[in-house]
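Novice: I'd like to ask some things about the structure below.
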Amino acid sequence: MSSKTIGKLSLAQLPTPFHKLNRLSELMGGLEIYMKRDDMTGLGLGGNKIRKLEYVLADAINKKASVVLTTGGVQSNHCMLTAMAASKVGLKCVLVLRGQRPPRLTGNQILGNLVSELVFIDTSDQKKVNEAMEAKAQDLKIAGETPYIIPIGASVPLGALGYYDAFNELLVQAQSEKIEPTHIVLAWGSGGTQAGLAAAATELNSNIKILGINVDDKETVQTIKEQTSDIAAKALSLLGIQLKIGPEDINVVQDYVGEGGYGKPSKAGLEAVKTVASHEGIVLDPVYTGKGMAGLLDLIKQGYFAQDSKIVFLHTGGYGAIFAYPDSYVAMGEEK
Ligand SMILES: *Cc1c(COP(=O)(O)O)cnc(C)c1O
């Protein structure tokens with residue numbers, strides 16, 4: 001197993017819960033829908049980035065870093081969780097956010113601001129933001145710090161190992177409950193999560209299909225498949241396993257980004273948030289999991305899944321963003 005050979009911190013509360021969504025399954029016509037609760041990883045507001053950070057921050061500490069820098073959109077869950085995880089292990093943190101500084105901080109920004117330095121770069125071009133982050137790291141170095149840069153989403157091979165482990169964790173849970181999942185469905189943002197799951201599934205020659213619902217309009221399906229399979233293959237080679245994983249091994253659908261694009265709540269996404277909250281008392285977020293669930297529900301309606309499917313929706317978190325888009329929910333109420 002990976003943790004024996006590669007440094008890993010213990011940051012998450014594991015295993016995260018795994019359970020059936022009874023009322024949602026019934027609503028959707030009887031195929032079985034389960035949820036793996038990675039919203040409950042137990043640090044910050046919880047979410048998928050914690051599992052990745054267990055590996056990435058171990059590497060930062062190993063390299064004697066004094067400060068970590070990372071980047072994301074203005075409401076990045078990844079940035080907030082990096083700041084919280086850095087706090088837990090005693091590292092300073094700088095978050096370089098893509099977009100304009102708002103007149104008043106909201107959502108994840110409020111939490112990030114509690115424990116890290118926020119730098120807003122007023123552009124929509126992530127390349128420019130990455131350059132600004134590199135420059136900031138240089139400044140910190142000159143000031144005597146040892147900076148460590150975590151790429152967007154911690155979607156590097158090392159980070160993906162967190163989801164290699166999560167796949168194995170899920171298998172143990174499913175086995176002990178005598179459930180054989182047929183699919184894992186999740187929101188795709190920067191690919192590390194799906195890559196880790198795909199890496200483990202490939203190694204085990206598993207029949208479980210992993211389906212990403214893309215929420216990022218800036219990427220084409222082909223780029224997504226290439227990026228994800230590349231991370232997956234490299235994650236396996238970190239474990240000393242050489243297996244071919246190509247773009248054709250990655251399943252992603254593109255139709256649920258929504259009218260406004262990445263980071264903008266969509267009508268279908270908010271409806272999915274409402275459906276799951278009103279049937280299960282579980283909250284999804286408007287940027288990732290709401291759109292991921294909108295994709296799952298729509299694909300079920302379209303007959304994409306066989307009636308005897310046992311689908312696991314991976315709840316990847318996103319709670320910090322829920323309160324950052326109050327106007328979207330108002331608009332939704334008015335439509336009733
Ligand atoms: C980052 C994120 C994702 C996407 O994970 P990737 O590994 O970047 O694809 C999904 N859901 C939430 C809530 C996230 O914060």
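Chain labels run A, B, ... following the order of the structure tokens; each chain numbers its residues from 1, and ligands are numbered from 1 in the order shown.
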Counting only C-alpha atoms and all ligand atoms, which protein, DNA or RNA residues come within 8 Å of ligand 1, given as a PyMOL selection string?
Specialist: chain A and resi 39+47-49+76-78+152-155+160+186-195+285+287-289+315-319
Novice: If you run DSSP on this backbone, which residues of stretch 60-292 of chain A come out as strand (DSSP E), and could you give them as JSON, numbers by chain?
Specialist: {"A": [67, 68, 69, 70, 71, 72, 73, 92, 93, 94, 95, 96, 97, 98, 117, 118, 119, 120, 121, 147, 148, 149, 150, 183, 184, 185, 186, 187, 188, 209, 210, 211, 212, 213, 214, 251, 252, 253]}
Novice: Would you export the selected residues with N, CA and C atoms as a CSV table (one decimal), in the first residue's frame, please?
Specialist:
```
chain,number,residue,atom,x,y,z
A,67,VAL,N,6.4,27.8,4.4
A,67,VAL,CA,5.2,28.4,3.9
A,67,VAL,C,4.7,27.7,2.6
A,68,VAL,N,3.4,27.4,2.5
A,68,VAL,CA,2.9,26.8,1.3
A,68,VAL,C,2.1,27.9,0.6
A,69,LEU,N,2.1,27.8,-0.8
A,69,LEU,CA,1.3,28.7,-1.6
A,69,LEU,C,0.5,27.8,-2.5
A,70,THR,N,-0.8,28.2,-2.7
A,70,THR,CA,-1.6,27.5,-3.7
A,70,THR,C,-2.5,28.5,-4.3
A,71,THR,N,-3.3,28.0,-5.3
A,71,THR,CA,-4.1,28.9,-6.1
A,71,THR,C,-5.4,28.2,-6.5
A,72,GLY,N,-6.4,29.0,-6.9
A,72,GLY,CA,-7.7,28.6,-7.3
A,72,GLY,C,-8.6,29.7,-7.7
A,73,GLY,N,-9.8,29.4,-7.9
A,73,GLY,CA,-10.8,30.5,-8.2
A,73,GLY,C,-11.1,31.3,-6.9
A,92,LYS,N,2.9,28.3,7.4
A,92,LYS,CA,2.2,29.5,7.0
A,92,LYS,C,1.6,29.2,5.6
A,93,CYS,N,0.7,30.0,5.2
A,93,CYS,CA,0.0,29.7,3.9
A,93,CYS,C,-0.4,31.0,3.2
A,94,VAL,N,-0.2,31.1,1.9
A,94,VAL,CA,-0.6,32.2,1.0
A,94,VAL,C,-1.5,31.6,-0.1
A,95,LEU,N,-2.7,32.2,-0.2
A,95,LEU,CA,-3.6,31.8,-1.3
A,95,LEU,C,-3.7,32.8,-2.4
A,96,VAL,N,-3.4,32.4,-3.6
A,96,VAL,CA,-3.4,33.3,-4.7
A,96,VAL,C,-4.6,33.0,-5.5
A,97,LEU,N,-5.6,33.9,-5.4
A,97,LEU,CA,-6.9,33.6,-6.0
A,97,LEU,C,-7.1,34.3,-7.3
A,98,ARG,N,-7.8,33.6,-8.3
A,98,ARG,CA,-8.0,34.1,-9.6
A,98,ARG,C,-9.3,34.9,-9.6
A,117,GLU,N,-2.7,34.4,4.1
A,117,GLU,CA,-2.7,35.6,3.4
A,117,GLU,C,-3.5,35.4,2.1
A,118,LEU,N,-4.4,36.3,1.8
A,118,LEU,CA,-5.1,36.2,0.5
A,118,LEU,C,-4.5,37.2,-0.5
A,119,VAL,N,-4.2,36.7,-1.7
A,119,VAL,CA,-3.8,37.6,-2.8
A,119,VAL,C,-4.7,37.4,-3.9
A,120,PHE,N,-5.4,38.5,-4.4
A,120,PHE,CA,-6.3,38.4,-5.5
A,120,PHE,C,-5.6,38.9,-6.8
A,121,ILE,N,-5.7,38.1,-7.8
A,121,ILE,CA,-5.1,38.5,-9.1
A,121,ILE,C,-6.3,38.7,-10.1
A,147,PRO,N,9.5,28.4,0.6
A,147,PRO,CA,8.2,28.3,0.0
A,147,PRO,C,8.0,26.9,-0.7
A,148,TYR,N,6.8,26.4,-0.7
A,148,TYR,CA,6.4,25.2,-1.4
A,148,TYR,C,5.1,25.5,-2.1
A,149,ILE,N,5.2,25.3,-3.4
A,149,ILE,CA,4.0,25.6,-4.2
A,149,ILE,C,3.1,24.3,-4.5
A,150,ILE,N,1.9,24.4,-4.2
A,150,ILE,CA,0.9,23.3,-4.5
A,150,ILE,C,0.1,23.7,-5.7
A,183,HIS,N,-20.9,1.9,-10.3
A,183,HIS,CA,-20.4,3.2,-10.8
A,183,HIS,C,-20.0,4.0,-9.6
A,184,ILE,N,-19.0,4.9,-9.8
A,184,ILE,CA,-18.8,6.0,-8.9
A,184,ILE,C,-18.9,7.3,-9.8
A,185,VAL,N,-19.7,8.2,-9.3
A,185,VAL,CA,-20.0,9.4,-10.0
A,185,VAL,C,-19.5,10.6,-9.2
A,186,LEU,N,-18.8,11.5,-9.8
A,186,LEU,CA,-18.2,12.6,-9.1
A,186,LEU,C,-18.1,13.8,-10.0
A,187,ALA,N,-17.9,15.0,-9.3
A,187,ALA,CA,-17.7,16.2,-10.1
A,187,ALA,C,-16.2,16.3,-10.4
A,188,TRP,N,-15.9,16.7,-11.7
A,188,TRP,CA,-14.6,16.8,-12.2
A,188,TRP,C,-14.2,18.3,-12.2
A,209,LYS,N,-17.2,1.4,-12.8
A,209,LYS,CA,-17.0,2.5,-13.8
A,209,LYS,C,-16.9,3.8,-13.0
A,210,ILE,N,-16.0,4.6,-13.4
A,210,ILE,CA,-15.8,5.9,-12.7
A,210,ILE,C,-16.2,7.0,-13.7
A,211,LEU,N,-17.2,7.8,-13.4
A,211,LEU,CA,-17.7,8.8,-14.3
A,211,LEU,C,-17.6,10.2,-13.7
A,212,GLY,N,-16.8,11.0,-14.4
A,212,GLY,CA,-16.7,12.4,-14.0
A,212,GLY,C,-17.7,13.3,-14.7
A,213,ILE,N,-18.3,14.2,-13.9
A,213,ILE,CA,-19.2,15.2,-14.5
A,213,ILE,C,-18.4,16.5,-14.5
A,214,ASN,N,-18.0,17.0,-15.6
A,214,ASN,CA,-17.1,18.1,-15.7
A,214,ASN,C,-17.9,19.4,-15.3
A,251,ASN,N,-13.7,8.2,-18.2
A,251,ASN,CA,-15.1,8.6,-18.6
A,251,ASN,C,-15.5,10.0,-18.0
A,252,VAL,N,-15.8,10.9,-18.9
A,252,VAL,CA,-16.2,12.2,-18.4
A,252,VAL,C,-17.3,12.7,-19.3
A,253,VAL,N,-18.3,13.3,-18.7
A,253,VAL,CA,-19.3,14.0,-19.5
A,253,VAL,C,-19.2,15.5,-19.3
```
Novice: Show me, as a list in words, the residues that have an atom within 10 Å of A:Tyr325 when counting only C-alpha atoms, minus same-chain residues fewer than 5 positions from it.
Specialist: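 The residues that qualify are Thr106, Gly107, Gly263, Lys264, Pro265, Asp285, Pro286, Val287 and Val330 of chain A.
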Novice: Please produce a file of the residues just selected, as a PDB file, in the first residue's frame, where the atoms kept are C-alpha atoms.
Specialist:
```pdb
ATOM      1  CA  THR A 106     -17.676  35.837   1.439  1.00  0.00           C
ATOM      2  CA  GLY A 107     -17.765  32.048   1.790  1.00  0.00           C
ATOM      3  CA  GLY A 263     -17.989  28.838 -10.626  1.00  0.00           C
ATOM      4  CA  LYS A 264     -21.424  30.130 -11.611  1.00  0.00           C
ATOM      5  CA  PRO A 265     -24.428  28.322 -10.180  1.00  0.00           C
ATOM      6  CA  ASP A 285     -22.768  23.005  -3.209  1.00  0.00           C
ATOM      7  CA  PRO A 286     -23.611  25.103  -6.278  1.00  0.00           C
ATOM      8  CA  VAL A 287     -20.184  24.914  -8.019  1.00  0.00           C
ATOM      9  CA  VAL A 330     -33.319  33.941  -4.195  1.00  0.00           C
TER      10      VAL A 330
END
```
Novice: Mind checking which residues fall within 10 Å of A:Asn207, counting only C-alpha atoms, ignoring those fewer than 4 positions away in the same chain, and posting them as a VMD selection string?
Specialist: chain A and resid 180 to 183 201 to 202
